[in-house]
>>> print(open('final_33.cif').read())   # mmCIF, C-alpha atoms and all ligand atoms
data_my_file
#
loop_
_atom_site.group_PDB
_atom_site.id
_atom_site.type_symbol
_atom_site.label_atom_id
_atom_site.label_comp_id
_atom_site.auth_asym_id
_atom_site.auth_seq_id
_atom_site.Cartn_x
_atom_site.Cartn_y
_atom_site.Cartn_z
ATOM 1 C CA MET A 14 9.803 6.547 -15.008
ATOM 2 C CA THR A 15 9.529 10.225 -14.091
ATOM 3 C CA SER A 16 6.314 10.680 -12.127
ATOM 4 C CA VAL A 17 4.521 8.387 -9.650
ATOM 5 C CA LEU A 18 1.445 8.780 -7.434
ATOM 6 C CA VAL A 19 1.805 7.285 -3.948
ATOM 7 C CA ALA A 20 -1.511 6.946 -2.092
ATOM 8 C CA GLY A 21 -0.704 6.574 1.600
ATOM 9 C CA GLY A 22 2.751 8.107 1.245
ATOM 10 C CA ALA A 23 2.789 10.106 4.478
ATOM 11 C CA THR A 24 4.081 7.362 6.795
ATOM 12 C CA GLY A 25 5.398 3.807 6.847
ATOM 13 C CA ILE A 26 5.869 1.844 3.622
ATOM 14 C CA GLY A 27 4.382 4.611 1.468
ATOM 15 C CA ARG A 28 6.754 7.171 2.911
ATOM 16 C CA ALA A 29 9.707 4.867 2.208
ATOM 17 C CA CYS A 30 8.456 4.628 -1.395
ATOM 18 C CA VAL A 31 8.242 8.419 -1.659
ATOM 19 C CA ARG A 32 11.819 8.694 -0.389
ATOM 20 C CA ALA A 33 13.198 5.907 -2.625
ATOM 21 C CA LEU A 34 11.508 7.364 -5.715
ATOM 22 C CA ARG A 35 12.649 10.928 -5.030
ATOM 23 C CA GLU A 36 16.193 9.670 -4.404
ATOM 24 C CA ARG A 37 16.030 8.370 -7.989
ATOM 25 C CA SER A 38 14.876 11.816 -9.202
ATOM 26 C CA VAL A 39 11.293 10.606 -9.736
ATOM 27 C CA ASP A 40 8.605 13.249 -9.099
ATOM 28 C CA VAL A 41 5.950 12.113 -6.621
ATOM 29 C CA TYR A 42 2.335 13.062 -6.011
ATOM 30 C CA LEU A 43 1.686 12.136 -2.373
ATOM 31 C CA ALA A 44 -1.999 11.500 -1.570
ATOM 32 C CA ASP A 45 -2.938 11.015 2.083
ATOM 33 C CA VAL A 46 -5.142 12.225 4.935
ATOM 34 C CA ASN A 47 -2.310 12.825 7.424
ATOM 35 C CA MET A 48 -1.185 16.248 6.241
ATOM 36 C CA ALA A 49 1.293 16.844 9.075
ATOM 37 C CA ALA A 50 3.176 13.661 8.197
ATOM 38 C CA ALA A 51 2.852 14.407 4.466
ATOM 39 C CA ASP A 52 4.399 17.849 5.034
ATOM 40 C CA ALA A 53 7.278 16.210 6.927
ATOM 41 C CA ALA A 54 7.812 13.714 4.087
ATOM 42 C CA ALA A 55 7.753 16.528 1.542
ATOM 43 C CA ALA A 56 10.311 18.510 3.556
ATOM 44 C CA GLU A 57 13.025 15.906 2.961
ATOM 45 C CA ASP A 58 15.748 17.352 0.762
ATOM 46 C CA LEU A 59 15.808 14.962 -2.213
ATOM 47 C CA PRO A 60 16.247 15.360 -5.965
ATOM 48 C CA GLY A 61 12.727 14.355 -7.077
ATOM 49 C CA ARG A 62 9.942 16.916 -6.670
ATOM 50 C CA VAL A 63 6.906 16.272 -4.467
ATOM 51 C CA VAL A 64 3.364 17.653 -4.458
ATOM 52 C CA ILE A 65 1.006 16.636 -1.661
ATOM 53 C CA GLY A 66 -2.786 16.467 -1.682
ATOM 54 C CA ARG A 67 -5.448 15.525 0.862
ATOM 55 C CA HIS A 68 -7.541 12.632 -0.452
ATOM 56 C CA ASP A 69 -9.565 10.364 1.860
ATOM 57 C CA LEU A 70 -9.614 7.040 0.032
ATOM 58 C CA ALA A 71 -12.761 5.954 1.873
ATOM 59 C CA GLY A 72 -14.688 8.263 -0.465
ATOM 60 C CA PRO A 73 -15.754 7.291 -4.001
ATOM 61 C CA ASP A 74 -14.183 10.302 -5.748
ATOM 62 C CA ALA A 75 -10.772 10.373 -4.037
ATOM 63 C CA ALA A 76 -8.860 8.178 -6.477
ATOM 64 C CA ARG A 77 -10.127 10.027 -9.559
ATOM 65 C CA GLU A 78 -9.322 13.400 -7.984
ATOM 66 C CA ALA A 79 -5.837 12.256 -6.911
ATOM 67 C CA VAL A 80 -4.999 10.913 -10.379
ATOM 68 C CA ALA A 81 -6.212 14.152 -11.986
ATOM 69 C CA ALA A 82 -4.108 16.190 -9.549
ATOM 70 C CA ALA A 83 -1.010 14.055 -10.197
ATOM 71 C CA VAL A 84 -1.365 14.370 -13.975
ATOM 72 C CA GLY A 85 -2.032 18.086 -13.526
ATOM 73 C CA ALA A 86 1.122 18.493 -11.444
ATOM 74 C CA TYR A 87 3.571 16.708 -13.746
ATOM 75 C CA GLY A 88 1.822 16.302 -17.105
ATOM 76 C CA ARG A 89 2.163 12.499 -17.120
ATOM 77 C CA LEU A 90 1.861 9.451 -14.891
ATOM 78 C CA ASP A 91 4.292 6.508 -14.917
ATOM 79 C CA GLY A 92 3.133 4.660 -11.822
ATOM 80 C CA VAL A 93 0.537 4.370 -9.072
ATOM 81 C CA VAL A 94 1.387 2.898 -5.675
ATOM 82 C CA VAL A 95 -1.415 2.320 -3.171
ATOM 83 C CA THR A 96 -0.235 1.679 0.389
ATOM 84 C CA ALA A 97 -3.094 3.265 2.381
ATOM 85 C CA GLY A 98 -4.909 0.598 4.343
ATOM 86 C CA LEU A 99 -7.329 0.112 7.231
ATOM 87 C CA HIS A 100 -7.151 -2.643 9.854
ATOM 88 C CA VAL A 101 -9.977 -2.902 12.395
ATOM 89 C CA VAL A 102 -9.758 -5.760 14.912
ATOM 90 C CA SER A 103 -12.808 -6.959 16.823
ATOM 91 C CA ALA A 104 -14.427 -10.193 18.045
ATOM 92 C CA VAL A 105 -16.661 -11.789 15.428
ATOM 93 C CA GLU A 106 -19.998 -11.042 17.088
ATOM 94 C CA GLU A 107 -19.028 -7.451 17.795
ATOM 95 C CA TYR A 108 -17.647 -6.688 14.357
ATOM 96 C CA ALA A 109 -19.401 -3.481 13.241
ATOM 97 C CA LEU A 110 -20.911 -3.315 9.759
ATOM 98 C CA ALA A 111 -19.539 0.208 9.356
ATOM 99 C CA ASP A 112 -16.004 -1.085 10.009
ATOM 100 C CA TRP A 113 -16.504 -3.866 7.471
ATOM 101 C CA ASP A 114 -17.726 -1.396 4.836
ATOM 102 C CA ARG A 115 -14.999 1.162 5.491
ATOM 103 C CA THR A 116 -12.303 -1.535 5.357
ATOM 104 C CA MET A 117 -13.573 -2.746 1.995
ATOM 105 C CA ALA A 118 -13.855 0.843 0.727
ATOM 106 C CA VAL A 119 -10.257 1.741 1.604
ATOM 107 C CA ASN A 120 -8.530 -1.621 1.019
ATOM 108 C CA VAL A 121 -10.357 -2.910 -2.087
ATOM 109 C CA ARG A 122 -12.615 -0.310 -3.691
ATOM 110 C CA ALA A 123 -10.024 2.488 -3.621
ATOM 111 C CA PRO A 124 -7.340 0.384 -5.345
ATOM 112 C CA PHE A 125 -9.907 -0.536 -8.011
ATOM 113 C CA LEU A 126 -10.889 3.114 -8.464
ATOM 114 C CA PHE A 127 -7.196 4.036 -8.831
ATOM 115 C CA ALA A 128 -6.781 1.460 -11.594
ATOM 116 C CA GLN A 129 -9.934 2.753 -13.282
ATOM 117 C CA ALA A 130 -8.858 6.397 -13.091
ATOM 118 C CA ALA A 131 -5.197 5.813 -13.966
ATOM 119 C CA ALA A 132 -5.612 3.384 -16.876
ATOM 120 C CA ALA A 133 -5.719 6.112 -19.545
ATOM 121 C CA PRO A 134 -2.656 8.120 -18.381
ATOM 122 C CA LEU A 135 -0.685 4.927 -17.599
ATOM 123 C CA ALA A 136 -1.439 3.551 -21.073
ATOM 124 C CA GLU A 137 0.274 6.620 -22.521
ATOM 125 C CA THR A 138 3.519 5.912 -20.625
ATOM 126 C CA GLY A 139 3.491 2.094 -20.400
ATOM 127 C CA GLY A 140 3.125 2.599 -16.657
ATOM 128 C CA SER A 141 2.550 0.286 -13.752
ATOM 129 C CA ILE A 142 0.400 -0.148 -10.641
ATOM 130 C CA VAL A 143 1.529 -1.657 -7.322
ATOM 131 C CA PHE A 144 -0.961 -2.478 -4.564
ATOM 132 C CA THR A 145 -0.172 -3.440 -0.966
ATOM 133 C CA GLY A 146 -1.670 -6.711 0.250
ATOM 134 C CA SER A 147 -0.625 -8.563 3.401
ATOM 135 C CA THR A 148 0.404 -11.963 4.662
ATOM 136 C CA ALA A 149 -3.010 -11.748 6.400
ATOM 137 C CA ALA A 150 -4.429 -12.902 3.055
ATOM 138 C CA PHE A 151 -2.665 -16.260 3.518
ATOM 139 C CA ARG A 152 -2.987 -17.016 7.247
ATOM 140 C CA GLY A 153 -5.707 -16.432 9.803
ATOM 141 C CA SER A 154 -5.512 -14.462 12.999
ATOM 142 C CA ARG A 155 -8.157 -13.469 15.505
ATOM 143 C CA GLY A 156 -10.446 -10.529 14.865
ATOM 144 C CA THR A 157 -9.089 -9.605 11.441
ATOM 145 C CA PHE A 158 -12.059 -10.701 9.299
ATOM 146 C CA ALA A 159 -12.573 -7.681 7.094
ATOM 147 C CA TYR A 160 -8.845 -6.987 6.778
ATOM 148 C CA ALA A 161 -7.989 -10.562 5.748
ATOM 149 C CA ALA A 162 -10.924 -10.682 3.330
ATOM 150 C CA SER A 163 -9.976 -7.323 1.827
ATOM 151 C CA LYS A 164 -6.352 -8.316 1.241
ATOM 152 C CA GLY A 165 -7.405 -11.630 -0.311
ATOM 153 C CA ALA A 166 -9.757 -9.731 -2.599
ATOM 154 C CA LEU A 167 -6.973 -7.321 -3.525
ATOM 155 C CA ILE A 168 -4.729 -10.200 -4.597
ATOM 156 C CA SER A 169 -7.489 -11.692 -6.760
ATOM 157 C CA MET A 170 -8.270 -8.279 -8.230
ATOM 158 C CA THR A 171 -4.571 -7.769 -9.052
ATOM 159 C CA ARG A 172 -4.723 -10.785 -11.388
ATOM 160 C CA ALA A 173 -7.945 -9.627 -13.052
ATOM 161 C CA LEU A 174 -6.630 -6.106 -13.607
ATOM 162 C CA ALA A 175 -3.301 -7.438 -14.895
ATOM 163 C CA VAL A 176 -5.072 -9.509 -17.550
ATOM 164 C CA GLU A 177 -7.372 -6.632 -18.523
ATOM 165 C CA LEU A 178 -4.635 -4.000 -18.744
ATOM 166 C CA ALA A 179 -1.697 -6.006 -20.189
ATOM 167 C CA PRO A 180 -2.711 -5.336 -23.820
ATOM 168 C CA ARG A 181 -2.391 -1.608 -23.011
ATOM 169 C CA GLN A 182 1.150 -2.265 -21.628
ATOM 170 C CA ILE A 183 0.081 -1.520 -18.037
ATOM 171 C CA ARG A 184 1.411 -3.935 -15.416
ATOM 172 C CA VAL A 185 -0.397 -4.565 -12.111
ATOM 173 C CA ASN A 186 1.279 -6.240 -9.128
ATOM 174 C CA CYS A 187 0.824 -6.479 -5.374
ATOM 175 C CA VAL A 188 3.358 -6.674 -2.544
ATOM 176 C CA CYS A 189 2.383 -8.584 0.605
ATOM 177 C CA PRO A 190 4.278 -7.433 3.703
ATOM 178 C CA GLY A 191 4.626 -9.522 6.837
ATOM 179 C CA TRP A 192 5.456 -7.612 10.047
ATOM 180 C CA ILE A 193 6.820 -4.197 9.149
ATOM 181 C CA ASP A 194 7.798 -1.675 11.820
ATOM 182 C CA THR A 195 5.437 1.235 11.027
ATOM 183 C CA PRO A 196 2.708 3.265 12.795
ATOM 184 C CA PHE A 197 0.196 0.765 11.341
ATOM 185 C CA ASN A 198 0.943 -1.682 14.170
ATOM 186 C CA GLU A 199 0.744 0.858 17.022
ATOM 187 C CA PRO A 200 -2.823 -0.220 17.998
ATOM 188 C CA TYR A 201 -1.575 -3.821 18.234
ATOM 189 C CA TRP A 202 1.317 -2.906 20.515
ATOM 190 C CA ALA A 203 -0.958 -0.661 22.613
ATOM 191 C CA MET A 204 -3.253 -3.672 23.254
ATOM 192 C CA GLN A 205 -0.418 -5.857 24.596
ATOM 193 C CA PRO A 206 -0.219 -6.106 28.396
ATOM 194 C CA ASP A 207 3.547 -6.745 28.081
ATOM 195 C CA PRO A 208 4.767 -5.244 24.771
ATOM 196 C CA SER A 209 8.351 -6.394 25.201
ATOM 197 C CA ALA A 210 7.250 -10.030 25.790
ATOM 198 C CA ALA A 211 4.907 -9.739 22.802
ATOM 199 C CA LEU A 212 7.761 -8.445 20.659
ATOM 200 C CA GLY A 213 9.960 -11.348 21.750
ATOM 201 C CA ALA A 214 7.203 -13.834 20.863
ATOM 202 C CA LEU A 215 6.743 -12.175 17.462
ATOM 203 C CA LEU A 216 10.441 -12.174 16.645
ATOM 204 C CA SER A 217 10.727 -15.855 17.599
ATOM 205 C CA ARG A 218 8.219 -16.611 14.790
ATOM 206 C CA ILE A 219 10.096 -14.617 12.131
ATOM 207 C CA PRO A 220 13.030 -16.617 10.715
ATOM 208 C CA ALA A 221 14.915 -13.406 9.879
ATOM 209 C CA GLY A 222 14.729 -12.534 13.592
ATOM 210 C CA ARG A 223 13.508 -8.978 13.075
ATOM 211 C CA GLN A 224 10.532 -6.981 11.918
ATOM 212 C CA GLY A 225 10.792 -5.643 8.394
ATOM 213 C CA ALA A 226 11.723 -2.019 7.770
ATOM 214 C CA PRO A 227 9.551 0.108 5.449
ATOM 215 C CA ALA A 228 12.505 0.257 3.047
ATOM 216 C CA ASP A 229 12.463 -3.565 2.765
ATOM 217 C CA VAL A 230 9.043 -3.303 1.096
ATOM 218 C CA ALA A 231 9.681 -0.053 -0.761
ATOM 219 C CA GLY A 232 12.664 -1.661 -2.504
ATOM 220 C CA LEU A 233 10.394 -4.263 -4.073
ATOM 221 C CA ILE A 234 7.732 -1.690 -4.957
ATOM 222 C CA VAL A 235 10.269 0.520 -6.758
ATOM 223 C CA TYR A 236 11.631 -2.548 -8.573
ATOM 224 C CA LEU A 237 8.122 -3.558 -9.690
ATOM 225 C CA LEU A 238 7.456 -0.030 -10.972
ATOM 226 C CA GLY A 239 10.612 0.036 -13.062
ATOM 227 C CA PRO A 240 11.730 -1.371 -16.408
ATOM 228 C CA ALA A 241 13.619 -4.339 -14.878
ATOM 229 C CA ALA A 242 10.180 -5.745 -13.966
ATOM 230 C CA GLY A 243 8.804 -5.092 -17.453
ATOM 231 C CA TYR A 244 7.533 -8.672 -17.930
ATOM 232 C CA ILE A 245 6.119 -9.141 -14.404
ATOM 233 C CA THR A 246 2.377 -8.636 -14.015
ATOM 234 C CA GLY A 247 -0.462 -10.121 -11.971
ATOM 235 C CA GLN A 248 1.895 -11.178 -9.183
ATOM 236 C CA SER A 249 1.539 -10.906 -5.424
ATOM 237 C CA ILE A 250 4.939 -11.128 -3.771
ATOM 238 C CA VAL A 251 5.468 -11.716 -0.058
ATOM 239 C CA VAL A 252 8.063 -9.664 1.886
ATOM 240 C CA ASP A 253 8.070 -11.251 5.350
ATOM 241 C CA GLY A 254 11.547 -12.367 6.472
ATOM 242 C CA GLY A 255 10.406 -15.979 6.062
ATOM 243 C CA LEU A 256 7.334 -15.756 8.359
ATOM 244 C CA LEU A 257 4.991 -17.686 6.050
ATOM 245 C CA SER A 258 7.653 -20.226 5.152
ATOM 246 C CA ALA A 259 8.289 -21.290 8.740
HETATM 247 N N1 LIG A 301 3.037 -2.584 8.784
HETATM 248 C C1 LIG A 301 2.760 -3.869 8.641
HETATM 249 O O1 LIG A 301 3.166 -4.720 9.459
HETATM 250 C C2 LIG A 301 1.937 -4.332 7.469
HETATM 251 C C3 LIG A 301 1.796 -5.703 7.290
HETATM 252 C C4 LIG A 301 1.050 -6.163 6.211
HETATM 253 C C5 LIG A 301 0.460 -5.267 5.352
HETATM 254 N N2 LIG A 301 0.612 -3.940 5.557
HETATM 255 C C6 LIG A 301 -0.059 -3.049 4.604
HETATM 256 O O2 LIG A 301 0.848 -2.077 4.160
HETATM 257 C C7 LIG A 301 0.131 -0.893 3.818
HETATM 258 C C8 LIG A 301 0.869 0.294 4.387
HETATM 259 O O3 LIG A 301 0.918 0.140 5.763
HETATM 260 P P1 LIG A 301 2.010 0.855 6.655
HETATM 261 O O4 LIG A 301 2.529 -0.167 7.566
HETATM 262 O O5 LIG A 301 2.918 1.662 5.825
HETATM 263 O O6 LIG A 301 1.012 1.796 7.495
HETATM 264 P P2 LIG A 301 1.041 3.311 7.895
HETATM 265 O O7 LIG A 301 -0.101 3.478 8.825
HETATM 266 O O8 LIG A 301 2.399 3.735 8.347
HETATM 267 O O9 LIG A 301 0.754 4.067 6.510
HETATM 268 C C9 LIG A 301 -0.512 4.101 5.923
HETATM 269 C C10 LIG A 301 -0.688 5.467 5.272
HETATM 270 O O10 LIG A 301 -1.960 5.483 4.633
HETATM 271 C C11 LIG A 301 -2.654 6.652 5.035
HETATM 272 N N3 LIG A 301 -4.085 6.389 5.022
HETATM 273 C C12 LIG A 301 -4.773 5.566 5.840
HETATM 274 N N4 LIG A 301 -6.082 5.627 5.559
HETATM 275 C C13 LIG A 301 -6.220 6.501 4.533
HETATM 276 C C14 LIG A 301 -7.333 6.993 3.807
HETATM 277 N N5 LIG A 301 -8.586 6.615 4.095
HETATM 278 N N6 LIG A 301 -7.106 7.864 2.809
HETATM 279 C C15 LIG A 301 -5.845 8.283 2.520
HETATM 280 N N7 LIG A 301 -4.756 7.872 3.187
HETATM 281 C C16 LIG A 301 -4.948 6.985 4.185
HETATM 282 C C17 LIG A 301 -2.129 6.957 6.428
HETATM 283 O O11 LIG A 301 -2.354 8.309 6.808
HETATM 284 C C18 LIG A 301 -0.663 6.610 6.286
HETATM 285 O O12 LIG A 301 0.090 7.690 5.784
HETATM 286 C C19 LIG A 301 -1.302 -1.092 4.303
HETATM 287 O O13 LIG A 301 -2.128 -1.387 3.204
HETATM 288 C C20 LIG A 301 -1.212 -2.304 5.213
HETATM 289 O O14 LIG A 301 -2.395 -3.059 5.184
HETATM 290 C C21 LIG A 301 1.330 -3.439 6.590
#
>>> encode(input="final_33.cif", output="C-alpha cells", more="lines below")
Ligand SMILES: NC(=O)c1ccc[n+]([C@@H]2O[C@H](COP(=O)([O-])OP(=O)(O)OC[C@H]3O[C@@H](n4cnc5c(N)ncnc54)[C@H](O)[C@@H]3O)[C@@H](O)[C@H]2O)c1
Amino acid sequence: MTSVLVAGGATGIGRACVRALRERSVDVYLADVNMAAADAAAAEDLPGRVVIGRHDLAGPDAAREAVAAAVGAYGRLDGVVVTAGLHVVSAVEEYALADWDRTMAVNVRAPFLFAQAAAAPLAETGGSIVFTGSTAAFRGSRGTFAYAASKGALISMTRALAVELAPRQIRVNCVCPGWIDTPFNEPYWAMQPDPSAALGALLSRIPAGRQGAPADVAGLIVYLLGPAAGYITGQSIVVDGGLLSA
C-alpha cells in the first residue's frame, strides 16, 4: 500500500487516517472542503507525502475529479477512505427536503461515486475501499432521519459493492463509529443547555466510560486497508466502546 485517497481528511477521523497512513510512509491525497484544516493536516512533518485538493462531495463530479487527481499525483491508487459526512437534525415535520437530499448526496451518493470512479485504478493494485457508517444505522435517536437512513443505506451498499468488486480483488468495508470526540459533534454540544451534564449522561451510557478518539477509528480503517485484512470484505464493523452492546 503506497497511495491512498482520504475524502474528508481535514479533521476528525479522516485526519487521524491521514496521519496514521503518512506515519507508515503511505502517500495521501486529501480531498475536503475545509482548506484551512487541510493545510494544517498537510503541514504535519511525517514520512508519507500529502497532496490536498478541494472537492465538495455534494456535487456529482467531485469523486471522479478527486480520484483522477489522486492517480495523477502518485501514479497509482491502493485505497480510498471516505469519512466526509453530513448530519442535519430537525423535528420530523420541519425536516427540509433540501437537507434530506444533501445528506443522501454526501453520505450515500458520494461513496458510490468514489467506488465507481476508483474501481479501475484499485483493480490494478488489488486495492481497498473503506466507508464510514455510524451506530446511528442500528439505533434510533430524535431528529436524525436522513442521517440514520443514509448510514443504513451505506452499510447495505457496502455489501453490494463488495460482491460486485471481489472478483477484481477490490475489498469494500465500512467502519461504524459510536461517539467520537471530533468537530462533527460540536452542533450537538452547542444545543445542550448544560454541556457538562450532557457529557456525564453520555459517558454513563458508554461502557468504556469515554468518548472514542479519532485514532480509535483510524486504527481499524488502516487495518482494513492493509494486507492483514486481505480476506475481509463486505463488513461493517462497530467502534463504539461497547455502546451498542449495553
Ligand atoms: N464523530 C462521531 O461521533 C461520529 C459518530 C458516528 C459516525 N461518524 C461519521 O464519521 C465520519 C467522519 O466524521 P468526523 O467525526 O471525523 O467528522 P469531522 O467533521 O471532524 O470530519 C468530517 C470531514 O469531512 C469534511 N466534509 C464534510 N462535508 C464535506 C463535503 N461535502 N465535501 C468534502 N468534504 C466534506 C469536513 O470538512 C471534515 O474535514 C462521518 O461520516 C460521520 O458521519 C462520526
>>> residues_around(input="final_33.cif", residues="region 183-200 of chain A", least_positions_apart="2", cutoff="8 Å", atoms="only C-alpha atoms", output="compact mmCIF listing (two decimals) with C-alpha atoms, keeping the file's coordinate frame")
# COMPACT_ATOMS: atom_id res chain seq x y z
CA THR A 24 4.08 7.36 6.80
CA GLY A 25 5.40 3.81 6.85
CA ILE A 26 5.87 1.84 3.62
CA ALA A 132 -5.61 3.38 -16.88
CA LEU A 135 -0.68 4.93 -17.60
CA ALA A 136 -1.44 3.55 -21.07
CA GLY A 139 3.49 2.09 -20.40
CA GLY A 140 3.12 2.60 -16.66
CA SER A 141 2.55 0.29 -13.75
CA ILE A 142 0.40 -0.15 -10.64
CA VAL A 143 1.53 -1.66 -7.32
CA PHE A 144 -0.96 -2.48 -4.56
CA THR A 145 -0.17 -3.44 -0.97
CA GLY A 146 -1.67 -6.71 0.25
CA SER A 147 -0.62 -8.56 3.40
CA THR A 148 0.40 -11.96 4.66
CA ALA A 149 -3.01 -11.75 6.40
CA ILE A 168 -4.73 -10.20 -4.60
CA THR A 171 -4.57 -7.77 -9.05
CA ARG A 172 -4.72 -10.78 -11.39
CA LEU A 174 -6.63 -6.11 -13.61
CA ALA A 175 -3.30 -7.44 -14.90
CA LEU A 178 -4.64 -4.00 -18.74
CA ALA A 179 -1.70 -6.01 -20.19
CA PRO A 180 -2.71 -5.34 -23.82
CA ARG A 181 -2.39 -1.61 -23.01
CA TRP A 202 1.32 -2.91 20.52
CA ALA A 203 -0.96 -0.66 22.61
CA MET A 204 -3.25 -3.67 23.25
CA GLN A 224 10.53 -6.98 11.92
CA GLY A 225 10.79 -5.64 8.39
CA ALA A 226 11.72 -2.02 7.77
CA PRO A 227 9.55 0.11 5.45
CA VAL A 230 9.04 -3.30 1.10
CA LEU A 233 10.39 -4.26 -4.07
CA ILE A 234 7.73 -1.69 -4.96
CA LEU A 237 8.12 -3.56 -9.69
CA GLY A 243 8.80 -5.09 -17.45
CA ILE A 245 6.12 -9.14 -14.40
CA THR A 246 2.38 -8.64 -14.02
CA GLY A 247 -0.46 -10.12 -11.97
CA GLN A 248 1.90 -11.18 -9.18
CA SER A 249 1.54 -10.91 -5.42
CA ILE A 250 4.94 -11.13 -3.77
CA VAL A 251 5.47 -11.72 -0.06
CA VAL A 252 8.06 -9.66 1.89
CA ASP A 253 8.07 -11.25 5.35
CA GLY A 254 11.55 -12.37 6.47
CA LEU A 256 7.33 -15.76 8.36
>>> resolve_selection(input="final_33.cif", expression="the PyMOL selection byres (((chain A and resi 116) around 8) and not hetatm)", output="ChimeraX atom specification")
/A:98-101,112-115,117-121,159-160,163
>>> write_last_selection(input="final_33.cif", atoms="C-alpha atoms", output="PDB file, in the coordinates of the input")
ATOM      1  CA  GLY A  98      -4.909   0.598   4.343  1.00  0.00           C
ATOM      2  CA  LEU A  99      -7.329   0.112   7.231  1.00  0.00           C
ATOM      3  CA  HIS A 100      -7.151  -2.643   9.854  1.00  0.00           C
ATOM      4  CA  VAL A 101      -9.977  -2.902  12.395  1.00  0.00           C
ATOM      5  CA  ASP A 112     -16.004  -1.085  10.009  1.00  0.00           C
ATOM      6  CA  TRP A 113     -16.504  -3.866   7.471  1.00  0.00           C
ATOM      7  CA  ASP A 114     -17.726  -1.396   4.836  1.00  0.00           C
ATOM      8  CA  ARG A 115     -14.999   1.162   5.491  1.00  0.00           C
ATOM      9  CA  MET A 117     -13.573  -2.746   1.995  1.00  0.00           C
ATOM     10  CA  ALA A 118     -13.855   0.843   0.727  1.00  0.00           C
ATOM     11  CA  VAL A 119     -10.257   1.741   1.604  1.00  0.00           C
ATOM     12  CA  ASN A 120      -8.530  -1.621   1.019  1.00  0.00           C
ATOM     13  CA  VAL A 121     -10.357  -2.910  -2.087  1.00  0.00           C
ATOM     14  CA  ALA A 159     -12.573  -7.681   7.094  1.00  0.00           C
ATOM     15  CA  TYR A 160      -8.845  -6.987   6.778  1.00  0.00           C
ATOM     16  CA  SER A 163      -9.976  -7.323   1.827  1.00  0.00           C
TER      17      SER A 163
END
>>> resolve_selection(input="final_33.cif", expression="the PyMOL selection byres (((chain A and resi 78) around 12) and not hetatm)", output="ChimeraX atom specification")
/A:18,20,42,44,66-70,72-77,79-85,123,126-127,129-131
>>> write_last_selection(input="final_33.cif", atoms="C-alpha atoms", output="compact mmCIF listing (two decimals), in the frame of the given file")
# COMPACT_ATOMS: atom_id res chain seq x y z
CA LEU A 18 1.44 8.78 -7.43
CA ALA A 20 -1.51 6.95 -2.09
CA TYR A 42 2.34 13.06 -6.01
CA ALA A 44 -2.00 11.50 -1.57
CA GLY A 66 -2.79 16.47 -1.68
CA ARG A 67 -5.45 15.52 0.86
CA HIS A 68 -7.54 12.63 -0.45
CA ASP A 69 -9.56 10.36 1.86
CA LEU A 70 -9.61 7.04 0.03
CA GLY A 72 -14.69 8.26 -0.46
CA PRO A 73 -15.75 7.29 -4.00
CA ASP A 74 -14.18 10.30 -5.75
CA ALA A 75 -10.77 10.37 -4.04
CA ALA A 76 -8.86 8.18 -6.48
CA ARG A 77 -10.13 10.03 -9.56
CA ALA A 79 -5.84 12.26 -6.91
CA VAL A 80 -5.00 10.91 -10.38
CA ALA A 81 -6.21 14.15 -11.99
CA ALA A 82 -4.11 16.19 -9.55
CA ALA A 83 -1.01 14.06 -10.20
CA VAL A 84 -1.36 14.37 -13.98
CA GLY A 85 -2.03 18.09 -13.53
CA ALA A 123 -10.02 2.49 -3.62
CA LEU A 126 -10.89 3.11 -8.46
CA PHE A 127 -7.20 4.04 -8.83
CA GLN A 129 -9.93 2.75 -13.28
CA ALA A 130 -8.86 6.40 -13.09
CA ALA A 131 -5.20 5.81 -13.97
>>> resolve_selection(input="final_33.cif", expression="the PyMOL selection byres (((chain A and resi 52) around 10) and not hetatm)", output="ChimeraX atom specification")
/A:23,43,47-51,53-57,63-66
>>> atom_distance(input="final_33.cif", atom1="CA of Ser217 (chain A)", atom2="CA of Thr96 (chain A)")
26.9 Å
>>> residues_near_point(input="final_33.cif", point="(9.6, 2.7, -8.4)", cutoff="10 Å", atoms="only C-alpha atoms", output="JSON, numbers by chain")
{"A": [14, 15, 16, 17, 30, 31, 33, 34, 35, 37, 39, 91, 92, 93, 94, 141, 142, 143, 231, 232, 233, 234, 235, 236, 237, 238, 239, 240]}
>>> atom_distance(input="final_33.cif", atom1="atom C16 of ligand LIG 301 (chain A)", atom2="CA of Phe125 (chain A)")
15.2 Å
>>> atom_distance(input="final_33.cif", atom1="CA of Val176 (chain A)", atom2="atom N1 of ligand LIG 301 (chain A)")
28.4 Å
>>> axis_aligned_box(input="final_33.cif", around="ligand LIG 301 (chain A)", padding_each_side="5 Å", output="JSON")
{"center_x": -2.7, "center_y": 1.1, "center_z": 6.0, "size_x": 21.8, "size_y": 24.5, "size_z": 16.9}
>>> closest_residue(input="final_33.cif", among="A:Leu167, A:Val41, A:Ala86, A:Val105", to="ligand LIG 301 (chain A)", atoms="only C-alpha atoms and all ligand atoms")
A:Leu167
>>> closest_residue(input="final_33.cif", among="A:Pro134, A:Gly165, A:Gly21, A:Pro124", to="ligand LIG 301 (chain A)", atoms="all atoms listed in the file")
A:Gly21
>>> closest_residue(input="final_33.cif", among="A:Tyr87, A:Arg32, A:Ala150, A:Ser169", to="ligand LIG 301 (chain A)", atoms="all atoms listed in the file")
A:Ala150
>>> closest_residue(input="final_33.cif", among="A:Asp229, A:Ser258, A:Ala104, A:Leu59", to="ligand LIG 301 (chain A)", atoms="all atoms listed in the file")
A:Asp229
>>> residues_around(input="final_33.cif", residues="Gly255 (chain A)", least_positions_apart="6", cutoff="8 Å", atoms="all atoms listed in the file", output="number ranges by chain")
A: 219-221
>>> write_last_selection(input="final_33.cif", atoms="C-alpha atoms", output="JSON list (two decimals), in the coordinates of the input")
[["chain", "number", "residue", "atom", "x", "y", "z"],
["A", 219, "ILE", "CA", 10.10, -14.62, 12.13],
["A", 220, "PRO", "CA", 13.03, -16.62, 10.72],
["A", 221, "ALA", "CA", 14.92, -13.41, 9.88]]
>>> closest_residue(input="final_33.cif", among="A:Ala109, A:Leu90, A:Ala241, A:Ala228", to="ligand LIG 301 (chain A)", atoms="only C-alpha atoms and all ligand atoms")
A:Ala228
>>> closest_residue(input="final_33.cif", among="A:Ala211, A:Ala128, A:Met170, A:Val46", to="ligand LIG 301 (chain A)", atoms="only C-alpha atoms and all ligand atoms")
A:Val46
>>> decode(input="final_33.cif", residues="region 197-202 of chain A", atoms="C-alpha atoms", output="mmCIF file, in the first residue's frame")
data_model
loop_
_atom_site.group_PDB
_atom_site.id
_atom_site.type_symbol
_atom_site.label_atom_id
_atom_site.label_comp_id
_atom_site.auth_asym_id
_atom_site.auth_seq_id
_atom_site.Cartn_x
_atom_site.Cartn_y
_atom_site.Cartn_z
ATOM 1 C CA PHE A 197 -18.654 16.646 13.962
ATOM 2 C CA ASN A 198 -20.429 16.724 17.337
ATOM 3 C CA GLU A 199 -19.934 20.454 18.016
ATOM 4 C CA PRO A 200 -23.522 21.331 16.921
ATOM 5 C CA TYR A 201 -24.819 18.717 19.384
ATOM 6 C CA TRP A 202 -22.827 20.138 22.285
#
